[in-house]
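What follows is input-v4.tsv (TSV, C-alpha atoms).
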chain	number	residue	atom	x	y	z
K	1	MET	CA	29.25	42.91	83.91
K	2	THR	CA	29.70	45.93	81.71
K	3	THR	CA	28.19	45.35	78.33
K	4	THR	CA	29.83	47.01	75.37
K	5	ASP	CA	29.81	46.89	71.65
K	6	GLN	CA	31.41	43.59	70.68
K	7	GLN	CA	31.98	44.70	67.08
K	8	THR	CA	34.36	47.52	67.93
K	9	ARG	CA	37.91	46.41	68.62
K	10	TYR	CA	39.78	48.42	71.21
K	11	GLU	CA	43.25	47.72	69.89
K	12	ARG	CA	44.57	50.78	71.65
K	13	ALA	CA	43.71	51.88	75.17
K	14	VAL	CA	40.70	54.20	75.29
K	15	ILE	CA	40.72	56.59	78.24
K	16	GLU	CA	37.59	58.24	79.63
K	17	PRO	CA	37.59	60.46	82.71
K	18	ASP	CA	34.34	59.91	84.61
K	19	ALA	CA	32.07	62.95	84.86
K	20	THR	CA	30.49	62.25	88.22
K	21	VAL	CA	33.08	60.47	90.37
K	22	PRO	CA	36.89	60.93	90.50
K	23	ALA	CA	37.57	57.95	88.28
K	24	VAL	CA	39.10	56.96	84.97
K	25	HIS	CA	37.78	54.25	82.67
K	26	ILE	CA	40.21	52.37	80.42
K	27	THR	CA	39.08	49.91	77.76
K	28	ARG	CA	41.52	47.71	75.86
K	29	ASP	CA	41.20	44.41	73.95
K	30	PHE	CA	43.78	41.65	74.21
K	31	ARG	CA	44.43	38.56	72.14
K	32	ALA	CA	44.12	36.22	75.11
K	33	THR	CA	41.58	34.37	77.21
K	34	PRO	CA	40.18	35.95	80.41
K	35	GLU	CA	42.15	33.30	82.32
K	36	GLN	CA	45.43	34.37	80.70
K	37	LEU	CA	44.72	38.04	81.30
K	38	LEU	CA	43.94	37.34	84.96
K	39	ARG	CA	47.16	35.35	85.21
K	40	ALA	CA	49.19	38.22	83.74
K	41	HIS	CA	47.80	40.40	86.54
K	42	THR	CA	48.24	37.92	89.41
K	43	ASP	CA	51.43	35.96	88.59
K	44	PRO	CA	54.22	38.11	90.08
K	45	GLU	CA	56.82	37.26	87.43
K	46	LEU	CA	54.47	37.98	84.55
K	47	PHE	CA	53.17	41.13	86.24
K	48	ALA	CA	56.67	42.51	86.79
K	49	ARG	CA	57.40	42.14	83.08
K	50	TRP	CA	54.73	44.55	81.90
K	51	ILE	CA	53.58	46.90	84.65
K	52	GLY	CA	56.25	49.55	84.18
K	53	PRO	CA	56.26	52.53	84.40
K	54	ASP	CA	58.08	52.77	81.10
K	55	GLY	CA	61.86	52.78	81.35
K	56	MET	CA	61.81	51.34	84.87
K	57	THR	CA	62.48	47.89	86.14
K	58	THR	CA	60.08	46.40	88.64
K	59	ARG	CA	60.98	44.14	91.55
K	60	ILE	CA	58.24	42.33	93.45
K	61	ASP	CA	58.78	42.76	97.17
K	62	HIS	CA	55.70	40.98	98.50
K	63	TRP	CA	52.97	39.17	96.61
K	64	ASP	CA	49.93	37.30	97.88
K	65	ALA	CA	47.46	37.33	95.00
K	66	ARG	CA	44.42	35.85	96.73
K	67	THR	CA	41.17	37.45	97.83
K	68	LEU	CA	42.14	39.47	100.94
K	69	GLY	CA	45.83	39.18	100.06
K	70	SER	CA	48.22	42.09	99.55
K	71	TYR	CA	51.19	43.14	97.46
K	72	ARG	CA	54.12	45.52	97.28
K	73	TYR	CA	56.46	46.20	94.39
K	74	VAL	CA	59.26	48.63	93.75
K	75	SER	CA	60.00	50.29	90.42
K	76	GLY	CA	63.40	51.81	89.95
K	77	HIS	CA	65.38	53.91	87.55
K	78	ASP	CA	68.91	55.34	88.00
K	79	GLY	CA	69.05	54.43	91.67
K	80	THR	CA	65.75	56.09	92.55
K	81	GLU	CA	63.07	53.69	93.75
K	82	TYR	CA	59.31	54.11	93.93
K	83	GLY	CA	57.25	51.75	96.05
K	84	PHE	CA	53.65	50.77	95.29
K	85	ARG	CA	51.40	48.67	97.47
K	86	GLY	CA	47.86	47.60	98.10
K	87	THR	CA	45.48	44.78	98.83
K	88	PHE	CA	43.30	42.45	96.77
K	89	PRO	CA	39.69	42.74	98.06
K	90	GLU	CA	38.52	40.31	95.37
K	91	ILE	CA	40.10	38.01	92.85
K	92	SER	CA	37.75	35.87	90.81
K	93	GLU	CA	37.58	34.38	87.34
K	94	HIS	CA	36.38	37.53	85.57
K	95	ARG	CA	37.15	40.25	88.07
K	96	LEU	CA	40.16	41.55	89.93
K	97	VAL	CA	39.74	44.27	92.55
K	98	GLN	CA	42.78	45.88	94.11
K	99	THR	CA	43.62	48.91	96.18
K	100	PHE	CA	46.65	50.82	94.99
K	101	CYS	CA	48.86	53.53	96.37
K	102	TYR	CA	52.17	55.15	95.58
K	103	GLU	CA	54.11	55.11	98.84
K	104	GLY	CA	55.14	58.73	98.34
K	105	MET	CA	51.46	59.63	98.77
K	106	PRO	CA	50.16	56.86	101.04
K	107	GLU	CA	46.95	58.71	101.87
K	108	ALA	CA	45.84	58.70	98.24
K	109	ILE	CA	44.52	55.16	97.98
K	110	ALA	CA	42.86	54.26	94.70
K	111	LEU	CA	40.44	51.39	94.11
K	112	GLU	CA	40.98	49.57	90.84
K	113	THR	CA	38.50	47.14	89.35
K	114	MET	CA	39.59	45.13	86.35
K	115	THR	CA	36.86	43.20	84.55
K	116	PHE	CA	37.77	40.63	81.89
K	117	GLU	CA	35.03	40.31	79.29
K	118	ASP	CA	35.28	37.28	77.01
K	119	LEU	CA	34.65	38.46	73.43
K	120	GLY	CA	35.08	35.00	71.87
K	121	ASP	CA	37.57	34.11	69.12
K	122	GLY	CA	40.40	34.32	71.61
K	123	TRP	CA	39.85	37.99	72.47
K	124	THR	CA	39.20	39.46	75.90
K	125	ARG	CA	38.20	43.02	76.70
K	126	LEU	CA	39.77	44.60	79.76
K	127	HIS	CA	37.62	47.20	81.52
K	128	ALA	CA	39.76	48.97	84.07
K	129	PHE	CA	38.04	51.36	86.45
K	130	SER	CA	40.32	53.41	88.73
K	131	LEU	CA	38.52	55.29	91.46
K	132	CYS	CA	40.77	57.90	93.09
K	133	ASP	CA	40.41	59.45	96.53
K	134	SER	CA	39.61	62.91	95.16
K	135	PHE	CA	39.07	64.81	91.93
K	136	GLU	CA	42.38	66.51	92.62
K	137	GLY	CA	44.12	63.14	92.76
K	138	ARG	CA	42.39	61.89	89.64
K	139	ASP	CA	43.20	65.00	87.67
K	140	GLY	CA	46.79	65.02	88.89
K	141	MET	CA	47.14	61.44	87.68
K	142	LEU	CA	45.59	62.27	84.31
K	143	ALA	CA	47.47	65.50	83.94
K	144	SER	CA	50.92	64.02	84.12
K	145	GLY	CA	51.46	61.00	86.31
K	146	MET	CA	53.59	61.04	89.39
K	147	GLU	CA	57.00	61.36	87.80
K	148	VAL	CA	56.64	64.53	85.74
K	149	GLY	CA	55.63	68.08	86.52
K	150	VAL	CA	52.04	68.17	87.65
K	151	HIS	CA	52.83	71.67	88.75
K	152	ASP	CA	54.14	72.75	85.37
K	153	GLY	CA	50.83	71.64	83.91
K	154	TYR	CA	48.78	73.46	86.52
K	155	ALA	CA	50.89	76.60	86.15
K	156	LYS	CA	50.32	76.56	82.42
K	157	LEU	CA	46.58	76.04	82.85
K	158	ASP	CA	46.46	78.81	85.44
K	159	ARG	CA	48.04	81.13	82.92
K	160	LEU	CA	45.70	80.13	80.13
K	161	LEU	CA	42.63	80.57	82.30
K	162	ALA	CA	43.87	83.90	83.63
K	163	GLU	CA	44.29	85.14	80.06
K	164	GLY	CA	40.83	83.91	79.05
H	1	MET	CA	42.65	75.47	90.45
H	2	THR	CA	42.03	71.75	90.52
H	3	ASP	CA	38.31	72.45	90.80
H	4	GLN	CA	38.72	74.22	87.50
H	5	LEU	CA	40.50	71.24	86.03
H	6	SER	CA	37.78	68.91	87.28
H	7	ARG	CA	35.18	71.13	85.67
H	8	VAL	CA	36.99	70.85	82.35
H	9	PHE	CA	37.16	67.06	82.54
H	10	GLY	CA	33.55	66.94	83.72
H	11	ALA	CA	32.41	69.26	80.94
H	12	LEU	CA	34.06	67.10	78.28
H	13	ALA	CA	32.67	63.85	79.64
H	14	ASP	CA	29.25	64.58	78.12
H	15	PRO	CA	28.79	63.53	74.45
H	16	THR	CA	26.63	66.56	73.53
H	17	ARG	CA	29.19	68.94	74.99
H	18	ARG	CA	32.02	67.12	73.20
H	19	ASP	CA	30.04	67.51	69.98
H	20	ILE	CA	29.52	71.22	70.64
H	21	VAL	CA	33.25	71.65	71.24
H	22	ALA	CA	34.07	69.77	68.03
H	23	ARG	CA	31.73	72.02	66.03
H	24	LEU	CA	33.13	75.16	67.61
H	25	SER	CA	36.63	74.14	66.60
H	26	ASP	CA	35.60	75.02	63.00
H	27	ARG	CA	34.17	78.44	63.80
H	28	ASP	CA	32.21	80.48	66.34
H	29	ALA	CA	28.44	79.92	66.40
H	30	THR	CA	25.33	81.29	68.09
H	31	VAL	CA	23.24	79.26	70.53
H	32	GLY	CA	20.57	78.90	67.83
H	33	GLU	CA	23.07	77.54	65.31
H	34	LEU	CA	24.49	75.15	67.86
H	35	ALA	CA	21.02	73.92	68.84
H	36	GLU	CA	19.93	73.16	65.27
H	37	PRO	CA	21.05	69.52	64.93
H	38	TYR	CA	19.89	68.46	68.39
H	39	ALA	CA	16.45	67.31	69.44
H	40	MET	CA	16.56	69.47	72.54
H	41	SER	CA	15.34	72.89	73.60
H	42	LEU	CA	17.40	76.06	73.34
H	43	GLN	CA	17.35	76.12	77.15
H	44	ALA	CA	18.93	72.68	77.31
H	45	VAL	CA	21.66	73.73	74.87
H	46	SER	CA	22.22	76.94	76.87
H	47	LYS	CA	22.65	74.81	79.98
H	48	HIS	CA	25.35	72.75	78.25
H	49	LEU	CA	27.04	75.97	77.15
H	50	ARG	CA	27.00	77.27	80.70
H	51	VAL	CA	28.86	74.15	81.84
H	52	LEU	CA	31.45	74.69	79.09
H	53	GLU	CA	31.70	78.37	79.97
H	54	GLU	CA	32.22	77.70	83.69
H	55	ALA	CA	34.99	75.28	82.76
H	56	GLY	CA	36.73	78.02	80.77
H	57	LEU	CA	36.34	76.07	77.53
H	58	VAL	CA	34.13	78.60	75.75
H	59	THR	CA	33.47	82.32	75.98
H	60	ARG	CA	30.53	84.38	74.74
H	61	GLY	CA	31.02	87.34	72.38
H	62	ARG	CA	30.12	90.88	73.39
H	63	ASP	CA	27.67	91.41	70.50
H	64	ALA	CA	24.44	91.77	72.51
H	65	GLN	CA	22.25	90.32	69.76
H	66	ARG	CA	24.15	87.23	68.73
H	67	ARG	CA	26.58	86.58	71.57
H	68	PRO	CA	28.54	84.09	69.45
H	69	VAL	CA	30.13	81.19	71.31
H	70	HIS	CA	33.89	80.96	70.96
H	71	LEU	CA	36.04	77.94	71.76
H	72	GLU	CA	39.07	78.61	73.96
H	73	ALA	CA	41.15	76.21	71.94
H	74	GLU	CA	44.25	76.46	74.14
H	75	VAL	CA	42.46	75.16	77.23
H	76	PHE	CA	40.91	72.40	75.18
H	77	ASP	CA	44.25	71.45	73.58
H	78	LEU	CA	45.91	71.29	76.97
H	79	MET	CA	43.28	68.84	78.28
H	80	THR	CA	43.54	66.78	75.12
H	81	MET	CA	47.32	66.73	75.38
H	82	TRP	CA	47.20	65.55	78.99
H	83	ILE	CA	44.75	62.79	78.25
H	84	GLU	CA	46.77	61.75	75.20
H	85	ARG	CA	49.92	61.55	77.26
H	86	TYR	CA	48.16	59.45	79.87
H	87	GLN	CA	46.76	57.31	77.05
H	88	ARG	CA	50.27	56.83	75.61
H	89	ARG	CA	51.61	55.67	78.97
H	90	ALA	CA	48.71	53.23	79.40
H	91	GLU	CA	49.24	51.99	75.85
H	92	GLU	CA	52.99	51.44	76.42
H	93	ARG	CA	52.11	49.32	79.43
H	94	TYR	CA	49.49	47.33	77.51
H	95	THR	CA	51.83	46.77	74.57
H	96	ARG	CA	54.21	45.08	77.01
H	97	LEU	CA	51.24	43.09	78.33
H	98	ASP	CA	50.47	42.03	74.72
H	99	ALA	CA	53.98	40.58	74.51
H	100	VAL	CA	53.57	38.69	77.81
H	101	LEU	CA	50.23	37.30	76.62
H	102	ALA	CA	51.75	36.27	73.27
H	103	ASP	CA	54.33	34.26	75.21
H	104	LEU	CA	51.55	32.60	77.19
H	105	GLN	CA	49.75	31.71	73.93
H	106	GLU	CA	52.84	30.02	72.59
H	107	GLY	CA	53.35	28.14	75.82
H	108	ARG	CA	56.80	29.66	76.25
H	109	ASP	CA	55.92	30.26	79.85
H	110	GLU	CA	54.98	26.66	80.56
H	111	THR	CA	58.43	26.00	81.93
H	112	PRO	CA	58.66	25.21	85.66
H	113	ARG	CA	56.31	27.46	87.55
H	114	GLU	CA	56.65	27.42	91.27
H	115	THR	CA	53.75	29.85	91.57
H	116	LYS	CA	50.58	28.18	92.64
H	117	ASP	CA	47.40	29.33	91.02
H	118	ALA	CA	46.30	32.76	92.13
H	119	ALA	CA	42.92	31.48	93.23
H	120	SER	CA	44.26	28.67	95.43
Target encoding structure tokens, full file:
Amino acid sequence: MTTTDQQTRYERAVIEPDATVPAVHITRDFRATPEQLLRAHTDPELFARWIGPDGMTTRIDHWDARTLGSYRYVSGHDGTEYGFRGTFPEISEHRLVQTFCYEGMPEAIALETMTFEDLGDGWTRLHAFSLCDSFEGRDGMLASGMEVGVHDGYAKLDRLLAEG
Amino acid sequence: MTDQLSRVFGALADPTRRDIVARLSDRDATVGELAEPYAMSLQAVSKHLRVLEEAGLVTRGRDAQRRPVHLEAEVFDLMTMWIERYQRRAEERYTRLDAVLADLQEGRDETPRETKDAAS
């Protein structure tokens, strides 16, 4: 398991792009037990309540949260729907591994590993590691997410770099 | 283009290079000045600077003697802004998760649950 400083409290999500592989690390502490945090990730009704994206409602289409199971959910806003799906290579007490893809880009499959580290006193640290299929995919995700202009961002960066 | 973006993210993933960038946000500095606080050779610092330069984050002045290092703040700000926006979206999601977990703590969810345990 990842060992981290137990004194620091990550009350807000800390994001770190990985330097060597196309991945993002997220660290966040929750006032819950590892069991509750796992449940919030694997119980479809609980999961649908928080996953988002923001401003969207999520409907679970298929859900089999067991090792080697799979899932599909649909998030919608103003009549437009976005499907997300994947499999669960491993679900255990302190670790949840899932593949993830946005159905609009089915070739870009990410591998997400969530580790639940018990900090004691009713706190659990979530280590989320998202490994993307390419640096391009990772950076696109970081740069703006799938719903807003990746291209605007790139165009702006192009301009800045051209000026430099 | 995206290679460029990856280089920027890669360049900023190193703590020494982040520190160099932070110090350059105050003012330009020479390699010697930048190297001062670190227990590493000038060559090692130059190597870090080369990574930052290739990423478009810093440029070197034309003055042949000093070649002061200059931070391209706009490129840096853009990266920071993107990561902050991503951070905000993650945080919005986790704030909702906080609320779900608070309900679990108070047992408000212990009403009929047809869901069998995930691990079954």
Practice problem: Provide the CA of Pro53 in chain K to CA of Arg89 in chain H distance in Å, to one decimal place. | Solution: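 Going from CA of Pro53 in chain K over to CA of Arg89 in chain H covers 7.8 Å.
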Exercise. Compare H:Asp19, H:Glu72, H:Glu91, H:Asp26 by their minimum atom-to-atom distance to Ile26 in chain K, counting only C-alpha atoms, and give me the closest one.
Key: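 Closest to Ile26 in chain K of all the choices is H:Glu91.
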Quiz prompt | Distance query Arg18 in chain H at most 12 Å, all atoms listed in the file, self and fewer than 5 positions along chain excluded, as an NGL selection string | solution = :H and (8-13 or 23-25 or 48-49 or 51-52 or 57-58 or 71 or 76 or 80)
Can you build me a table of range 79-113 of chain H residues sitting at most 12 Å from range 125-133 of chain K, with the closest atom pair per residue and its distance in Å to one decimal, using only C-alpha atoms, sorted by chain and residue number, as a tab-separated table?
residue	atom	partner	partner_atom	distance
H:Ala90	CA	K:Ala128	CA	11.0
H:Tyr94	CA	K:Leu126	CA	10.3
H:Leu97	CA	K:Leu126	CA	11.7
Quiz item: Interatomic distance between CA of Gly83 in chain K and CA of Gly104 in chain K?
Solution: 7.6 Å
Quiz item: With all atoms listed in the file as the atoms that count, which of K:Phe84, K:Tyr71, K:Phe30, K:Tyr10 lies nearest to chain H?
Solution: K:Phe30
Determine, using only C-alpha atoms, which residues of chain K have any atom at most 6 Å from an atom of chain H, and tabulate each with its shortest atom pair and distance in Å to one decimal place, rows ordered by chain and then rising number, as CSV.
residue,atom,partner,partner_atom,distance
K:Ala13,CA,H:Glu91,CA,5.6
K:Ala19,CA,H:Gly10,CA,4.4
K:Trp50,CA,H:Arg96,CA,4.9
K:Ile51,CA,H:Arg93,CA,5.9
K:Ala65,CA,H:Ala118,CA,5.5
K:Arg66,CA,H:Ala119,CA,5.8
K:Glu136,CA,H:Thr2,CA,5.7
K:Leu142,CA,H:Tyr86,CA,5.9
K:Ala143,CA,H:Trp82,CA,5.0
Quiz item: Do you know which residues are at most 9 Å from Arg67 in chain H counting all atoms listed in the file, after dropping those on the same chain fewer than 5 positions away, and could you put them as a list in words?
Solution: Ala29, Thr30, Val31, Arg60, Gly61 and Arg62 of chain H
Assuming 5 Å of padding per side, give the centre and edge lengths of the axis-aligned box around every listed atom of range 48-54 of chain K, in Å to one decimal and as AutoDock Vina command-line options.
--center_x 55.8 --center_y 47.5 --center_z 83.9 --size_x 14.5 --size_y 20.6 --size_z 15.7
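Take CA of His70 in chain H and CA of Ala22 in chain H: the distance between them is 11.6 Å.
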Quiz item: Counting only C-alpha atoms, what is within 10 Å of range 36-45 of chain H, bar same-chain residues fewer than 6 positions away, as an MDAnalysis selection string?
Solution: chainID H and resid 16:17 20
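By all atoms listed in the file, and with residues fewer than 5 positions from Gly76 in chain K along its chain excluded, the set lying at most 7 Å from it is Met56, Thr57, Thr58, Glu81 and Tyr82 of chain K.
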Exercise. Pull the neighbourhood of (49.3, 50.6, 100.2) for me: all residues within 9 Å in file coordinates, counting only C-alpha atoms, as a VMD selection string.
Key: chain K and resid 70 to 72 84 to 87 99 to 103 106 to 107 109
Keeping N, CA, C and O atoms (and nothing else), can you write range 40-67 of chain K of this structure as a PDB file, in the first residue's frame?
ATOM      1  N   ALA K  40     -19.501   3.198  -1.096  1.00  0.00           N
ATOM      2  CA  ALA K  40     -19.932   4.351  -1.894  1.00  0.00           C
ATOM      3  C   ALA K  40     -19.477   4.225  -3.348  1.00  0.00           C
ATOM      4  O   ALA K  40     -20.043   4.856  -4.234  1.00  0.00           O
ATOM      5  N   HIS K  41     -18.443   3.406  -3.587  1.00  0.00           N
ATOM      6  CA  HIS K  41     -17.961   3.181  -4.946  1.00  0.00           C
ATOM      7  C   HIS K  41     -18.626   1.979  -5.624  1.00  0.00           C
ATOM      8  O   HIS K  41     -18.587   1.865  -6.837  1.00  0.00           O
ATOM      9  N   THR K  42     -19.173   1.058  -4.825  1.00  0.00           N
ATOM     10  CA  THR K  42     -19.660  -0.198  -5.412  1.00  0.00           C
ATOM     11  C   THR K  42     -21.177  -0.363  -5.338  1.00  0.00           C
ATOM     12  O   THR K  42     -21.740  -1.149  -6.081  1.00  0.00           O
ATOM     13  N   ASP K  43     -21.849   0.373  -4.416  1.00  0.00           N
ATOM     14  CA  ASP K  43     -23.307   0.319  -4.353  1.00  0.00           C
ATOM     15  C   ASP K  43     -23.840   1.257  -5.438  1.00  0.00           C
ATOM     16  O   ASP K  43     -23.570   2.455  -5.410  1.00  0.00           O
ATOM     17  N   PRO K  44     -24.607   0.737  -6.403  1.00  0.00           N
ATOM     18  CA  PRO K  44     -24.998   1.562  -7.551  1.00  0.00           C
ATOM     19  C   PRO K  44     -25.801   2.803  -7.167  1.00  0.00           C
ATOM     20  O   PRO K  44     -25.617   3.872  -7.753  1.00  0.00           O
ATOM     21  N   GLU K  45     -26.692   2.675  -6.161  1.00  0.00           N
ATOM     22  CA  GLU K  45     -27.499   3.851  -5.797  1.00  0.00           C
ATOM     23  C   GLU K  45     -26.650   4.929  -5.167  1.00  0.00           C
ATOM     24  O   GLU K  45     -26.801   6.115  -5.457  1.00  0.00           O
ATOM     25  N   LEU K  46     -25.727   4.515  -4.291  1.00  0.00           N
ATOM     26  CA  LEU K  46     -24.841   5.495  -3.658  1.00  0.00           C
ATOM     27  C   LEU K  46     -23.926   6.122  -4.707  1.00  0.00           C
ATOM     28  O   LEU K  46     -23.740   7.341  -4.741  1.00  0.00           O
ATOM     29  N   PHE K  47     -23.376   5.284  -5.573  1.00  0.00           N
ATOM     30  CA  PHE K  47     -22.446   5.751  -6.603  1.00  0.00           C
ATOM     31  C   PHE K  47     -23.092   6.806  -7.502  1.00  0.00           C
ATOM     32  O   PHE K  47     -22.512   7.850  -7.782  1.00  0.00           O
ATOM     33  N   ALA K  48     -24.337   6.521  -7.909  1.00  0.00           N
ATOM     34  CA  ALA K  48     -25.040   7.441  -8.816  1.00  0.00           C
ATOM     35  C   ALA K  48     -25.261   8.810  -8.189  1.00  0.00           C
ATOM     36  O   ALA K  48     -25.377   9.811  -8.883  1.00  0.00           O
ATOM     37  N   ARG K  49     -25.301   8.834  -6.841  1.00  0.00           N
ATOM     38  CA  ARG K  49     -25.562  10.114  -6.163  1.00  0.00           C
ATOM     39  C   ARG K  49     -24.384  11.072  -6.220  1.00  0.00           C
ATOM     40  O   ARG K  49     -24.561  12.279  -6.093  1.00  0.00           O
ATOM     41  N   TRP K  50     -23.159  10.535  -6.349  1.00  0.00           N
ATOM     42  CA  TRP K  50     -22.031  11.464  -6.254  1.00  0.00           C
ATOM     43  C   TRP K  50     -21.147  11.546  -7.498  1.00  0.00           C
ATOM     44  O   TRP K  50     -20.394  12.511  -7.661  1.00  0.00           O
ATOM     45  N   ILE K  51     -21.228  10.579  -8.403  1.00  0.00           N
ATOM     46  CA  ILE K  51     -20.208  10.532  -9.450  1.00  0.00           C
ATOM     47  C   ILE K  51     -20.235  11.723 -10.412  1.00  0.00           C
ATOM     48  O   ILE K  51     -19.201  12.132 -10.938  1.00  0.00           O
ATOM     49  N   GLY K  52     -21.385  12.276 -10.658  1.00  0.00           N
ATOM     50  CA  GLY K  52     -21.426  13.423 -11.572  1.00  0.00           C
ATOM     51  C   GLY K  52     -21.327  12.998 -13.025  1.00  0.00           C
ATOM     52  O   GLY K  52     -21.777  11.905 -13.350  1.00  0.00           O
ATOM     53  N   PRO K  53     -20.783  13.789 -13.980  1.00  0.00           N
ATOM     54  CA  PRO K  53     -20.167  15.085 -13.716  1.00  0.00           C
ATOM     55  C   PRO K  53     -21.158  16.112 -13.163  1.00  0.00           C
ATOM     56  O   PRO K  53     -22.366  15.896 -13.206  1.00  0.00           O
ATOM     57  N   ASP K  54     -20.628  17.202 -12.675  1.00  0.00           N
ATOM     58  CA  ASP K  54     -21.432  18.222 -12.040  1.00  0.00           C
ATOM     59  C   ASP K  54     -22.543  18.699 -12.972  1.00  0.00           C
ATOM     60  O   ASP K  54     -22.327  18.892 -14.153  1.00  0.00           O
ATOM     61  N   GLY K  55     -23.733  18.877 -12.406  1.00  0.00           N
ATOM     62  CA  GLY K  55     -24.841  19.385 -13.196  1.00  0.00           C
ATOM     63  C   GLY K  55     -25.520  18.320 -14.041  1.00  0.00           C
ATOM     64  O   GLY K  55     -26.402  18.625 -14.829  1.00  0.00           O
ATOM     65  N   MET K  56     -25.079  17.072 -13.909  1.00  0.00           N
ATOM     66  CA  MET K  56     -25.701  16.000 -14.686  1.00  0.00           C
ATOM     67  C   MET K  56     -26.333  14.996 -13.732  1.00  0.00           C
ATOM     68  O   MET K  56     -25.913  14.846 -12.595  1.00  0.00           O
ATOM     69  N   THR K  57     -27.336  14.303 -14.235  1.00  0.00           N
ATOM     70  CA  THR K  57     -27.893  13.226 -13.446  1.00  0.00           C
ATOM     71  C   THR K  57     -27.410  11.910 -14.040  1.00  0.00           C
ATOM     72  O   THR K  57     -27.227  11.791 -15.242  1.00  0.00           O
ATOM     73  N   THR K  58     -27.152  10.971 -13.158  1.00  0.00           N
ATOM     74  CA  THR K  58     -26.576   9.699 -13.587  1.00  0.00           C
ATOM     75  C   THR K  58     -27.567   8.563 -13.375  1.00  0.00           C
ATOM     76  O   THR K  58     -28.191   8.470 -12.319  1.00  0.00           O
ATOM     77  N   ARG K  59     -27.720   7.756 -14.400  1.00  0.00           N
ATOM     78  CA  ARG K  59     -28.593   6.581 -14.341  1.00  0.00           C
ATOM     79  C   ARG K  59     -27.705   5.357 -14.544  1.00  0.00           C
ATOM     80  O   ARG K  59     -26.880   5.309 -15.451  1.00  0.00           O
ATOM     81  N   ILE K  60     -27.866   4.379 -13.638  1.00  0.00           N
ATOM     82  CA  ILE K  60     -27.071   3.156 -13.757  1.00  0.00           C
ATOM     83  C   ILE K  60     -27.778   2.224 -14.742  1.00  0.00           C
ATOM     84  O   ILE K  60     -28.952   1.903 -14.563  1.00  0.00           O
ATOM     85  N   ASP K  61     -27.073   1.813 -15.760  1.00  0.00           N
ATOM     86  CA  ASP K  61     -27.665   0.962 -16.785  1.00  0.00           C
ATOM     87  C   ASP K  61     -27.384  -0.514 -16.499  1.00  0.00           C
ATOM     88  O   ASP K  61     -28.221  -1.390 -16.698  1.00  0.00           O
ATOM     89  N   HIS K  62     -26.179  -0.786 -16.038  1.00  0.00           N
ATOM     90  CA  HIS K  62     -25.769  -2.152 -15.738  1.00  0.00           C
ATOM     91  C   HIS K  62     -24.748  -2.078 -14.615  1.00  0.00           C
ATOM     92  O   HIS K  62     -23.895  -1.189 -14.610  1.00  0.00           O
ATOM     93  N   TRP K  63     -24.839  -2.988 -13.647  1.00  0.00           N
ATOM     94  CA  TRP K  63     -23.938  -2.877 -12.501  1.00  0.00           C
ATOM     95  C   TRP K  63     -23.691  -4.245 -11.893  1.00  0.00           C
ATOM     96  O   TRP K  63     -24.609  -4.876 -11.390  1.00  0.00           O
ATOM     97  N   ASP K  64     -22.483  -4.724 -11.975  1.00  0.00           N
ATOM     98  CA  ASP K  64     -22.119  -5.993 -11.358  1.00  0.00           C
ATOM     99  C   ASP K  64     -20.785  -5.786 -10.659  1.00  0.00           C
ATOM    100  O   ASP K  64     -19.726  -6.059 -11.209  1.00  0.00           O
ATOM    101  N   ALA K  65     -20.864  -5.204  -9.440  1.00  0.00           N
ATOM    102  CA  ALA K  65     -19.651  -4.809  -8.729  1.00  0.00           C
ATOM    103  C   ALA K  65     -19.067  -5.995  -7.967  1.00  0.00           C
ATOM    104  O   ALA K  65     -19.213  -6.121  -6.755  1.00  0.00           O
ATOM    105  N   ARG K  66     -18.438  -6.876  -8.715  1.00  0.00           N
ATOM    106  CA  ARG K  66     -17.699  -8.010  -8.166  1.00  0.00           C
ATOM    107  C   ARG K  66     -16.416  -8.101  -8.956  1.00  0.00           C
ATOM    108  O   ARG K  66     -16.356  -7.618 -10.089  1.00  0.00           O
ATOM    109  N   THR K  67     -15.385  -8.743  -8.382  1.00  0.00           N
ATOM    110  CA  THR K  67     -14.181  -8.983  -9.164  1.00  0.00           C
ATOM    111  C   THR K  67     -14.579  -9.695 -10.449  1.00  0.00           C
ATOM    112  O   THR K  67     -15.342 -10.661 -10.405  1.00  0.00           O
TER     113      THR K  67
END
